[in-house]
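Peer 1: Compact mmCIF, C-alpha atoms, file my_file-v1.txt:
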# COMPACT_ATOMS: atom_id res chain seq x y z
CA MET A 280 100.13 128.49 81.62
CA GLU A 281 102.93 127.34 83.93
CA ARG A 282 101.93 124.66 86.42
CA THR A 283 102.55 125.45 90.11
CA THR A 284 104.39 122.75 92.04
CA LYS A 285 102.55 121.63 95.16
CA LYS A 286 104.42 121.30 98.42
CA LEU A 287 104.38 118.33 100.78
CA VAL A 288 106.11 119.04 104.09
CA VAL A 289 106.84 116.18 106.50
CA LEU A 290 107.83 117.09 110.06
CA GLY A 291 110.14 114.50 111.55
CA ALA A 292 112.70 112.23 109.88
CA GLY A 293 112.40 109.28 112.25
CA THR A 294 110.97 105.90 111.29
CA ALA A 295 107.58 107.06 109.99
CA GLY A 296 108.78 110.32 108.42
CA THR A 297 111.67 108.71 106.54
CA MET A 298 109.48 105.93 105.19
CA ILE A 299 106.83 108.42 104.08
CA VAL A 300 109.13 110.69 102.10
CA ASN A 301 110.99 107.77 100.50
CA LYS A 302 107.81 105.97 99.46
CA LEU A 303 106.01 109.10 98.24
CA ARG A 304 109.01 110.39 96.29
CA ARG A 305 108.68 107.29 94.11
CA ARG A 306 104.95 107.81 93.63
CA LEU A 307 104.49 111.59 93.31
CA PRO A 308 105.58 113.19 90.01
CA ARG A 309 108.52 115.54 90.66
CA GLU A 310 107.15 118.16 88.29
CA GLU A 311 103.93 118.26 90.35
CA TRP A 312 105.13 117.82 93.94
CA SER A 313 108.11 118.96 95.95
CA ILE A 314 108.83 117.06 99.18
CA THR A 315 110.55 118.58 102.20
CA VAL A 316 111.36 116.79 105.46
CA VAL A 317 112.25 118.74 108.61
CA ASP A 318 114.07 117.54 111.72
CA LYS A 319 116.09 119.09 114.51
CA ASP A 320 119.33 117.20 113.82
CA ASP A 321 120.98 114.64 111.55
CA VAL A 322 121.01 111.78 114.09
CA HIS A 323 118.88 108.68 113.50
CA ASP A 324 118.73 106.03 116.23
CA TYR A 325 117.41 102.51 115.95
CA GLN A 326 115.43 102.95 119.15
CA PRO A 327 114.67 99.25 119.83
CA GLY A 328 118.43 98.92 120.32
CA TYR A 329 118.32 101.13 123.44
CA LEU A 330 116.94 98.11 125.34
CA PHE A 331 120.09 96.06 124.78
CA ILE A 332 122.74 98.71 125.53
CA PRO A 333 122.51 98.52 129.37
CA PHE A 334 123.33 94.81 129.18
CA GLY A 335 126.17 95.21 126.67
CA LEU A 336 124.21 93.43 123.93
CA ASN A 337 124.27 96.31 121.40
CA THR A 338 127.07 98.74 120.61
CA PRO A 339 126.36 102.43 120.00
CA GLU A 340 127.62 102.05 116.41
CA GLN A 341 124.89 99.51 115.68
CA ILE A 342 122.04 101.81 116.62
CA ARG A 343 123.17 105.38 115.80
CA LYS A 344 123.68 106.65 112.26
CA THR A 345 123.24 109.89 110.34
CA LYS A 346 119.85 110.54 108.73
CA ARG A 347 120.76 111.92 105.32
CA PRO A 348 122.05 108.68 103.71
CA PHE A 349 118.64 107.09 104.36
CA ILE A 350 116.68 109.87 102.63
CA HIS A 351 116.35 109.48 98.85
CA GLY A 352 117.35 112.04 96.28
CA GLY A 353 114.76 114.59 95.21
CA ILE A 354 113.78 115.33 98.82
CA ASP A 355 114.73 118.62 100.47
CA VAL A 356 116.12 118.13 103.99
CA VAL A 357 115.81 121.02 106.44
CA MET A 358 117.55 120.86 109.81
CA GLY A 359 116.09 123.10 112.48
CA GLU A 360 113.84 123.30 115.53
CA ILE A 361 110.16 123.46 114.62
CA GLU A 362 108.50 126.33 116.48
CA ARG A 363 104.90 126.07 115.35
CA VAL A 364 102.49 125.29 112.54
CA ASP A 365 100.18 128.05 111.33
CA THR A 366 97.34 126.01 109.85
CA ALA A 367 95.44 129.11 108.69
CA ALA A 368 98.41 130.35 106.66
CA HIS A 369 99.55 126.79 105.73
CA GLU A 370 103.02 127.52 107.08
CA VAL A 371 105.61 125.85 109.30
CA ARG A 372 107.81 128.21 111.28
CA ILE A 373 111.39 127.08 111.97
CA ALA A 374 113.64 128.58 114.66
CA GLY A 375 115.71 131.38 113.17
CA GLY A 376 112.84 132.76 111.12
CA ARG A 377 112.60 130.35 108.18
CA ILE A 378 109.05 129.68 106.96
CA LEU A 379 107.99 126.66 104.91
CA ARG A 380 104.69 126.79 103.06
CA TYR A 381 102.76 123.59 102.49
CA ASP A 382 99.81 122.26 100.52
CA GLN A 383 99.82 119.02 102.54
CA LEU A 384 101.46 118.52 105.93
CA VAL A 385 102.43 115.31 107.72
CA ILE A 386 103.39 115.41 111.39
CA ALA A 387 105.70 112.51 112.28
CA THR A 388 107.72 113.96 115.15
CA GLY A 389 107.16 111.01 117.47
CA THR A 390 107.05 110.97 121.24
CA SER A 391 109.74 111.58 123.85
CA PRO A 392 110.29 110.81 127.53
CA ARG A 393 109.62 113.80 129.78
CA PRO A 394 111.24 113.22 133.19
CA ASP A 395 110.57 116.87 134.03
CA GLN A 396 106.87 116.03 134.38
CA THR A 397 107.31 113.89 137.53
CA GLU A 398 108.49 115.60 140.70
CA GLY A 399 111.89 114.50 141.96
CA THR A 400 113.01 112.64 138.85
CA LEU A 401 115.64 115.14 137.68
CA GLY A 402 117.49 115.21 140.99
CA PRO A 403 121.22 114.62 141.62
CA GLN A 404 120.85 110.85 141.01
CA TRP A 405 119.32 111.22 137.53
CA HIS A 406 121.06 108.82 135.14
CA LYS A 407 122.70 107.20 138.17
CA GLU A 408 120.58 105.47 140.84
CA VAL A 409 117.56 106.81 138.93
CA GLY A 410 118.15 105.44 135.44
CA GLU A 411 116.27 105.09 132.15
CA PHE A 412 116.85 103.46 128.78
CA TYR A 413 114.41 105.40 126.57
CA THR A 414 117.14 107.75 125.33
CA TYR A 415 120.57 107.03 123.87
CA GLU A 416 122.31 108.91 126.68
CA GLY A 417 120.18 107.20 129.32
CA ALA A 418 120.90 103.72 127.98
CA LEU A 419 124.66 104.36 127.98
CA ALA A 420 124.53 105.75 131.54
CA LEU A 421 122.47 102.77 132.71
CA HIS A 422 125.05 100.40 131.24
CA ASP A 423 127.73 102.05 133.38
CA GLN A 424 125.46 102.01 136.43
CA LEU A 425 124.60 98.31 136.10
CA ASP A 426 128.29 97.53 135.70
CA THR A 427 128.75 98.49 139.35
CA PHE A 428 125.54 96.82 140.63
CA THR A 429 126.21 94.08 143.21
CA GLY A 430 122.68 93.32 144.39
CA GLY A 431 119.78 94.95 146.23
CA ARG A 432 116.38 96.12 145.09
CA LEU A 433 116.16 96.70 141.33
CA VAL A 434 112.88 98.40 140.46
CA VAL A 435 111.54 98.84 136.90
CA HIS A 436 108.81 101.48 136.83
CA ILE A 437 106.32 102.82 134.26
CA THR A 438 105.02 106.33 134.98
CA GLU A 439 101.96 106.38 132.74
CA LEU A 440 100.71 105.09 129.39
CA PRO A 441 100.91 105.53 126.45
CA ILE A 442 104.65 105.01 126.01
CA LYS A 443 106.60 104.08 122.93
CA CYS A 444 107.22 100.35 122.70
CA PRO A 445 104.94 99.47 125.63
CA VAL A 446 106.48 95.98 126.02
CA ALA A 447 110.02 97.38 126.48
CA PRO A 448 109.75 97.77 130.29
CA LEU A 449 108.77 94.09 130.54
CA GLU A 450 111.60 93.14 128.18
CA PHE A 451 114.06 95.08 130.32
CA THR A 452 112.82 93.25 133.43
CA PHE A 453 113.16 89.82 131.80
CA LEU A 454 116.63 90.66 130.43
CA ALA A 455 117.67 91.98 133.85
CA ASP A 456 116.63 88.66 135.40
CA ASP A 457 118.76 86.80 132.83
CA TRP A 458 121.70 89.21 133.24
CA LEU A 459 121.62 88.94 137.04
CA ARG A 460 121.59 85.13 136.88
CA ARG A 461 124.56 85.06 134.52
CA ARG A 462 126.50 87.32 136.90
CA GLY A 463 125.56 85.32 139.97
CA LEU A 464 123.60 88.23 141.44
CA ARG A 465 120.00 87.06 141.12
CA GLU A 466 119.75 85.57 144.62
CA ARG A 467 121.04 88.85 146.05
CA THR A 468 118.58 90.96 144.02
CA GLU A 469 114.87 91.62 144.44
CA LEU A 470 113.34 92.46 141.07
CA VAL A 471 110.18 94.59 141.21
CA PHE A 472 107.95 95.65 138.28
CA VAL A 473 105.87 98.75 139.10
CA THR A 474 103.03 99.64 136.73
CA PRO A 475 99.96 101.91 136.62
CA LEU A 476 98.06 98.98 135.03
CA ASP A 477 96.24 96.27 136.96
CA GLY A 478 98.48 93.65 135.35
CA ALA A 479 101.54 93.11 133.19
CA PHE A 480 100.15 94.53 129.91
CA THR A 481 97.20 96.35 128.38
CA LYS A 482 95.72 93.39 126.50
CA PRO A 483 94.14 90.85 128.93
CA VAL A 484 95.23 87.69 127.07
CA ALA A 485 98.82 88.89 126.71
CA SER A 486 98.75 90.25 130.27
CA ARG A 487 98.01 86.78 131.64
CA THR A 488 100.85 85.19 129.67
CA LEU A 489 103.37 87.90 130.50
CA GLY A 490 102.23 88.05 134.13
CA GLY A 491 102.78 84.31 134.35
CA LEU A 492 106.36 84.77 133.11
CA LEU A 493 107.00 87.43 135.75
CA GLU A 494 105.72 85.05 138.42
CA GLU A 495 107.82 82.14 137.10
CA LYS A 496 110.94 84.29 137.29
CA GLY A 497 110.22 85.43 140.85
CA ILE A 498 109.60 89.06 139.87
CA THR A 499 107.31 91.03 142.19
CA VAL A 500 104.57 93.07 140.51
CA GLU A 501 103.29 96.30 142.09
CA PRO A 502 100.11 97.12 140.08
CA ASP A 503 97.83 100.18 140.00
CA PHE A 504 100.70 102.44 141.05
CA MET A 505 100.13 106.05 140.01
CA ILE A 506 103.30 107.90 140.87
CA GLU A 507 103.26 111.32 142.49
CA ARG A 508 107.00 111.80 143.00
CA ILE A 509 110.41 110.20 143.33
CA ASP A 510 112.12 110.85 146.66
CA GLN A 511 115.78 110.45 145.71
CA GLU A 512 117.02 111.17 149.24
CA ARG A 513 114.98 108.32 150.76
CA LYS A 514 115.22 106.20 147.57
CA VAL A 515 111.48 105.57 147.28
CA LEU A 516 108.69 105.99 144.72
CA VAL A 517 105.61 107.64 146.23
CA SER A 518 102.13 107.17 144.73
CA PHE A 519 99.16 109.52 144.92
CA ASP A 520 97.53 107.12 147.40
CA GLU A 521 100.69 107.35 149.55
CA ARG A 522 102.05 103.89 148.82
CA GLU A 523 105.83 103.67 148.71
CA VAL A 524 108.20 101.42 146.75
CA ALA A 525 111.82 101.44 147.89
CA TYR A 526 114.71 100.92 145.48
CA ASP A 527 118.48 100.60 145.39
CA GLN A 528 118.55 100.98 141.62
CA LEU A 529 115.55 102.46 139.82
CA VAL A 530 114.90 102.12 136.10
CA THR A 531 112.01 104.44 135.33
CA ILE A 532 110.09 105.03 132.12
CA PRO A 533 109.08 108.70 132.33
CA LEU A 534 105.85 110.13 131.01
CA ASN A 535 105.96 110.20 127.19
CA MET A 536 104.70 113.26 125.31
CA GLY A 537 104.52 114.50 121.75
CA ALA A 538 106.49 117.50 120.49
CA ASP A 539 106.02 120.91 122.13
CA PHE A 540 105.30 122.63 118.79
CA VAL A 541 102.15 120.49 118.50
CA ALA A 542 100.75 122.17 121.61
CA ALA A 543 101.97 125.61 120.50
CA SER A 544 100.10 125.10 117.21
CA GLY A 545 96.83 124.08 118.84
CA LEU A 546 97.01 120.67 117.17
CA GLY A 547 97.40 118.34 120.14
CA ASP A 548 95.65 116.74 123.08
CA GLU A 549 96.85 117.03 126.69
CA LEU A 550 99.94 114.91 125.88
CA ASN A 551 100.70 116.74 122.61
CA TYR A 552 99.46 113.90 120.39
CA VAL A 553 97.54 114.90 117.27
CA PRO A 554 93.91 113.65 117.22
CA VAL A 555 93.36 111.84 113.93
CA ASP A 556 90.95 109.48 112.23
CA LYS A 557 92.37 106.13 113.40
CA HIS A 558 91.88 104.53 109.97
CA THR A 559 93.17 107.31 107.65
CA PHE A 560 95.43 109.46 109.94
CA LEU A 561 93.79 112.67 108.74
CA ALA A 562 93.93 115.20 111.59
CA THR A 563 90.55 115.99 113.11
CA GLY A 564 89.12 119.16 111.54
CA TYR A 565 91.63 119.40 108.67
CA ASP A 566 91.89 118.17 105.11
CA ASP A 567 95.56 119.06 104.65
CA VAL A 568 97.16 117.77 107.89
CA PHE A 569 97.98 114.15 108.71
CA ALA A 570 99.81 112.67 111.71
CA LEU A 571 101.55 109.29 111.67
CA GLY A 572 103.77 107.15 113.85
CA ASP A 573 104.02 107.98 117.53
CA ALA A 574 102.86 111.58 116.93
CA SER A 575 99.18 110.63 116.55
CA ASN A 576 96.62 109.58 119.14
CA ILE A 577 95.56 106.32 117.47
CA PRO A 578 94.58 103.73 120.11
CA THR A 579 97.30 101.15 119.50
CA SER A 580 100.93 100.64 120.46
CA LYS A 581 103.43 103.39 119.78
CA ALA A 582 105.79 100.99 118.06
CA GLY A 583 107.91 100.72 114.92
CA SER A 584 105.68 98.00 113.48
CA VAL A 585 102.67 100.32 113.73
CA ALA A 586 104.62 103.00 111.86
CA HIS A 587 105.52 100.46 109.19
CA PHE A 588 102.01 99.12 108.64
CA SER A 589 100.33 102.51 108.92
CA VAL A 590 102.66 104.15 106.40
CA ASP A 591 101.80 101.45 103.85
CA VAL A 592 98.11 102.31 104.27
CA PHE A 593 98.75 106.06 104.38
CA VAL A 594 100.67 106.20 101.09
CA GLU A 595 97.78 104.71 99.12
CA ASN A 596 95.25 106.95 100.87
CA PHE A 597 97.37 110.07 100.36
CA LEU A 598 97.61 109.49 96.63
CA GLU A 599 93.82 109.18 96.46
CA HIS A 600 93.36 112.23 98.69
CA VAL A 601 95.53 114.61 96.65
CA ALA A 602 93.85 113.37 93.48
CA GLY A 603 90.52 114.51 94.92
CA ARG A 604 89.18 110.99 95.47
CA PRO A 605 87.85 109.42 98.70
CA MET A 606 90.42 107.53 100.78
CA THR A 607 89.49 103.87 100.42
CA HIS A 608 92.16 102.18 102.56
CA ARG A 609 91.63 101.68 106.30
CA PHE A 610 94.31 100.99 108.91
CA ASP A 611 93.16 98.31 111.34
CA GLY A 612 95.60 99.10 114.18
CA HIS A 613 97.94 96.25 113.26
CA ALA A 614 100.87 95.89 115.69
CA ASN A 615 103.52 93.22 115.71
CA CYS A 616 105.82 93.18 118.76
CA PHE A 617 108.67 90.92 119.83
CA VAL A 618 109.04 90.56 123.59
CA GLU A 619 112.51 89.53 124.75
CA SER A 620 112.09 87.12 127.69
CA GLY A 621 115.73 86.32 128.42
CA HIS A 622 117.85 83.19 127.99
CA GLY A 623 117.91 83.63 124.21
CA LYS A 624 114.16 83.49 123.79
CA ALA A 625 111.34 85.91 122.96
CA LEU A 626 107.60 86.02 122.49
CA LEU A 627 105.75 87.54 119.54
CA LEU A 628 102.49 89.50 119.80
CA ASP A 629 100.33 90.21 116.75
CA PHE A 630 97.12 92.20 117.26
CA ASN A 631 95.01 95.12 116.04
CA TYR A 632 92.27 97.47 117.22
CA ASP A 633 89.72 94.66 117.55
CA THR A 634 91.69 91.44 118.03
CA GLU A 635 93.86 90.61 121.04
CA PRO A 636 97.15 88.74 120.74
CA LEU A 637 96.42 85.05 120.08
CA THR A 638 98.49 81.88 120.03
CA GLY A 639 99.56 80.33 116.74
CA THR A 640 102.35 80.68 114.17
CA PHE A 641 103.71 83.61 112.13
CA PRO A 642 104.03 84.50 109.30
CA ILE A 643 103.16 81.11 107.70
CA PRO A 644 100.25 79.12 109.18
CA LYS A 645 101.40 75.91 110.97
CA VAL A 646 104.95 76.51 109.75
CA GLY A 647 106.03 79.74 111.41
CA PRO A 648 108.92 79.76 111.99
CA MET A 649 107.85 82.19 114.71
CA LYS A 650 105.58 81.33 117.61
CA LEU A 651 102.79 83.67 118.71
CA LEU A 652 102.27 84.38 122.42
CA GLY A 653 104.87 81.81 123.39
CA GLU A 654 108.62 81.79 123.97
CA SER A 655 110.93 80.53 121.24
CA ARG A 656 114.50 80.89 120.01
CA ALA A 657 113.21 81.80 116.52
CA ASN A 658 111.41 84.82 117.93
CA HIS A 659 114.61 86.03 119.59
CA LEU A 660 116.58 85.59 116.37
CA GLY A 661 113.84 87.42 114.50
CA LYS A 662 114.13 90.39 116.82
CA LEU A 663 117.91 90.50 116.44
CA ALA A 664 117.65 90.23 112.64
CA PHE A 665 115.23 93.13 112.45
CA ARG A 666 117.97 95.70 113.07
CA HIS A 667 119.53 94.83 109.71
CA ILE A 668 116.11 94.88 108.04
CA TYR A 669 115.37 98.27 109.58
CA TRP A 670 118.44 100.00 108.20
CA ASN A 671 118.52 98.25 104.82
CA ALA A 672 114.88 97.76 103.85
CA LEU A 673 112.36 99.46 106.14
CA LEU A 674 113.80 103.00 106.18
CA PRO A 675 114.59 103.05 102.45
CA GLY A 676 110.93 102.14 101.86
CA ARG A 677 111.45 98.73 100.29
CA PRO A 678 108.56 96.24 100.57
CA LEU A 679 109.00 93.67 103.36
CA GLY A 680 106.35 91.27 102.12
CA LEU A 681 104.18 91.62 105.23
CA PRO A 682 100.60 92.82 104.66
CA ALA A 683 99.61 95.98 106.50
CA GLU A 684 96.33 94.38 107.53
CA MET A 685 96.43 91.82 110.32
CA SER A 686 95.69 88.28 109.14
CA MET A 687 93.97 85.59 111.20
CA ALA A 688 95.80 82.86 109.26
CA GLY A 689 97.82 80.66 111.60
CA LYS A 690 96.13 82.02 114.71
CA ASN A 691 94.20 79.94 117.20
CA PRO A 692 90.82 81.40 118.27
CA ALA A 693 90.68 82.57 121.88
Step by step, read the file and then write its structure as structure tokens.

Peer 2:
Amino acid sequence: MERTTKKLVVLGAGTAGTMIVNKLRRRLPREEWSITVVDKDDVHDYQPGYLFIPFGLNTPEQIRKTKRPFIHGGIDVVMGEIERVDTAAHEVRIAGGRILRYDQLVIATGTSPRPDQTEGTLGPQWHKEVGEFYTYEGALALHDQLDTFTGGRLVVHITELPIKCPVAPLEFTFLADDWLRRRGLRERTELVFVTPLDGAFTKPVASRTLGGLLEEKGITVEPDFMIERIDQERKVLVSFDEREVAYDQLVTIPLNMGADFVAASGLGDELNYVPVDKHTFLATGYDDVFALGDASNIPTSKAGSVAHFSVDVFVENFLEHVAGRPMTHRFDGHANCFVESGHGKALLLDFNYDTEPLTGTFPIPKVGPMKLLGESRANHLGKLAFRHIYWNALLPGRPLGLPAEMSMAGKNPA
């Protein structure tokens, strides 16, 4: 009797989706499994590079490439807008009428800024006096806007969490301080960091360290600010408790949300993130749907490092799952984030679901060369080097030699 080939469909060919299909194509027999990856276009951006574009520290060519060269042979690539998933029929509907059947589905469509969700954001000054750097177009526009900046009130604002790369707004603020000093504009500029949190960051230990850096650099923090609207005519942010923050140049991080098809398919929470088991990524209530990367609701940073570590865990679990065995590997929420602090230095945070960022050395105890929860030149160089690693090792699915599970080696107890 002829064997029927099973179908794995992966939605999204960003960081997580590309890693998944490349790693699983090596591990799943081709005569038993077909693999299809779906995305809306053939553009792949190295999103951490958006941060540097406004300051002229990255060129567009360094961060934008086409997707197909990074996807291995033996994987079907479908370009099209995903309309919805019919979990009862085990089908994915693509705009234009195409239907893809699946035996196992992975949702890896990430998260996107949604400026339309905050009143007044998309006014006539959008991508001008109201800027953002969470999209390629926004980062380029902000570069042009900063080029004409001569001083005033520069406000960096977070709408609401979660956001992808939650340290990026802080990094932008620190880099802006450095950039303004190099241009001789810092004394003529008031830098303000506006956040819905009660401090600089979500993790208390890191928040104290990062908050101290903001204070050292003379950056004003406006905490507990829940925005209601942006009044572009008066150039102010207005909170629900009627506080106002004035700006001359605003850099806002809009509300982030998962893909619309997730809501249309009944698979998401109020922000279109897929509820999953935080250790295995299996979608709640399903045995044939997983969500990885920024598309899931796991309670850790929406960051590239999380995608990297979680995919390593997922691949082993998936192979057990489709073989009918229990999934024995557990993701611990491991996140590893560089924080650019300006002047050619950066911090490094390493944490998981249960352990806050601690001081110490990484990746080798007492040797480093990178310093945890402290500024160093090595950390900055590590962040810059990662772009090359991303394109040449991470996306192709090559091992990086870093364990998916967080290690306490080299860390100093709190």

Peer 1: Contacts of A:Phe617 at 12 Å or less, counting only C-alpha atoms, minus same-chain residues fewer than 5 places along, as a ChimeraX atom specification?

Peer 2: /A:327,444-447,449-450,582-584,624-630,636,641,649-665

Peer 1: For A:Gln326, which residue among A:Glu408, A:Glu311, A:Asp456, A:Glu416 is the nearest when counting only C-alpha atoms?

Peer 2: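 Of A:Glu408, A:Glu311, A:Asp456, A:Glu416, the one nearest A:Gln326, counting only C-alpha atoms, is A:Glu416.
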
Peer 1: Would you mind telling me which residue in A:Val568, A:Leu492, A:Ala562, A:Ala418 lies nearest to A:Thr338 when using all atoms listed in the file?

Peer 2: A:Ala418

Peer 1: Would you list the contacts of A:Lys407 as a PDB file with C-alpha atoms, in the frame of the given file, taking every protein, DNA or RNA residue within 8 Å and counting all atoms listed in the file, but skipping same-chain residues closer than 5 positions in sequence?

Peer 2:
ATOM      1  CA  ALA A 420     124.530 105.750 131.540  1.00  0.00           C
ATOM      2  CA  LEU A 421     122.470 102.770 132.710  1.00  0.00           C
ATOM      3  CA  GLN A 424     125.460 102.010 136.430  1.00  0.00           C
TER       4      GLN A 424
END

Peer 1: Neighbours of stretch 413-415 of chain A within 8 Å (all atoms listed in the file; same-chain residues fewer than 5 positions away dropped), as a PyMOL selection string?

Peer 2: chain A and resi 324+326+329-330+392+532

Peer 1: For a test of reading the model, state the distance in Å between atom CA of A:Phe540 and atom CA of A:Val322, rounded to one decimal.

Peer 2: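 According to the coordinates, atom CA of A:Phe540 and atom CA of A:Val322 are separated by 19.7 Å.
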
Peer 1: Neighbours of stretch 353-362 of chain A within 6 Å (all atoms listed in the file; same-chain residues fewer than 4 positions away dropped), as a list in words?

Peer 2: Ile314, Thr315, Val316, Val317, Asp318, Lys319, Asp320, Arg372, Ile373, Ala374 and Phe540 of chain A

Peer 1: Excluding A:Asp382 and any residue of its chain fewer than 3 positions from it, enumerate the residues within 7 Å of it, using only C-alpha atoms, and give them as an mmCIF file with C-alpha atoms, keeping the file's coordinate frame.

Peer 2:
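Written output follows (out-v1.cif):
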data_model
loop_
_atom_site.group_PDB
_atom_site.id
_atom_site.type_symbol
_atom_site.label_atom_id
_atom_site.label_comp_id
_atom_site.auth_asym_id
_atom_site.auth_seq_id
_atom_site.Cartn_x
_atom_site.Cartn_y
_atom_site.Cartn_z
ATOM 1 C CA LYS A 285 102.550 121.630 95.160
ATOM 2 C CA LYS A 286 104.420 121.300 98.420
ATOM 3 C CA LEU A 287 104.380 118.330 100.780
ATOM 4 C CA HIS A 369 99.550 126.790 105.730
ATOM 5 C CA ASP A 567 95.560 119.060 104.650
#

Peer 1: Counting all atoms listed in the file, which residues sit no farther than 9 Å from the position (99.6, 97.2, 128.6) in the file's frame? I'd like them as a ChimeraX atom specification.

Peer 2: /A:440-441,445-446,476,478-483,485-486,580

Peer 1: Please determine, counting all atoms listed in the file, which residue among A:His558, A:Gly639, A:Val500, A:His667 has the shortest atom-to-atom distance to A:Met606.

Peer 2: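 Smallest separation from A:Met606 among the options: A:His558.
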
Peer 1: Rank nothing, just name the residue among A:Phe331, A:Phe610, A:Phe519, A:Tyr381 nearest to A:Leu454, using only C-alpha atoms.

Peer 2: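 The shortest atom-to-atom distance to A:Leu454 comes from A:Phe331.
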
Peer 1: As an exercise, work out the distance from atom CA of A:Val594 to atom CA of A:Gly328 in Å and give it to one decimal place.

Peer 2: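 It comes out at 27.2 Å.
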
Peer 1: Could you tell me, as a ChimeraX atom specification, which residues have any atom at most 8 Å from (106.8, 93.1, 142.9), counting all atoms listed in the file?

Peer 2: /A:470-473,498-501

Peer 1: Quick one: distance from atom CA of A:Glu466 to atom CA of A:Val515 in Å, one decimal?

Peer 2: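 Separation of atom CA of A:Glu466 and atom CA of A:Val515: 21.8 Å.
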
Peer 1: Given the choices A:Ile332, A:Leu425, A:Val618, A:Val590, which gets closest to A:Leu674 if the distance is worked out from all atoms listed in the file?

Peer 2: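 That would be A:Val590, the residue with the smallest distance to A:Leu674.
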
Peer 1: From the set A:Val434, A:Val484, A:Leu673, A:Gly689, which residue has the shortest atom-to-atom contact distance to A:Val646, counting all atoms listed in the file?

Peer 2: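 Selected residue with least distance to A:Val646: A:Gly689.
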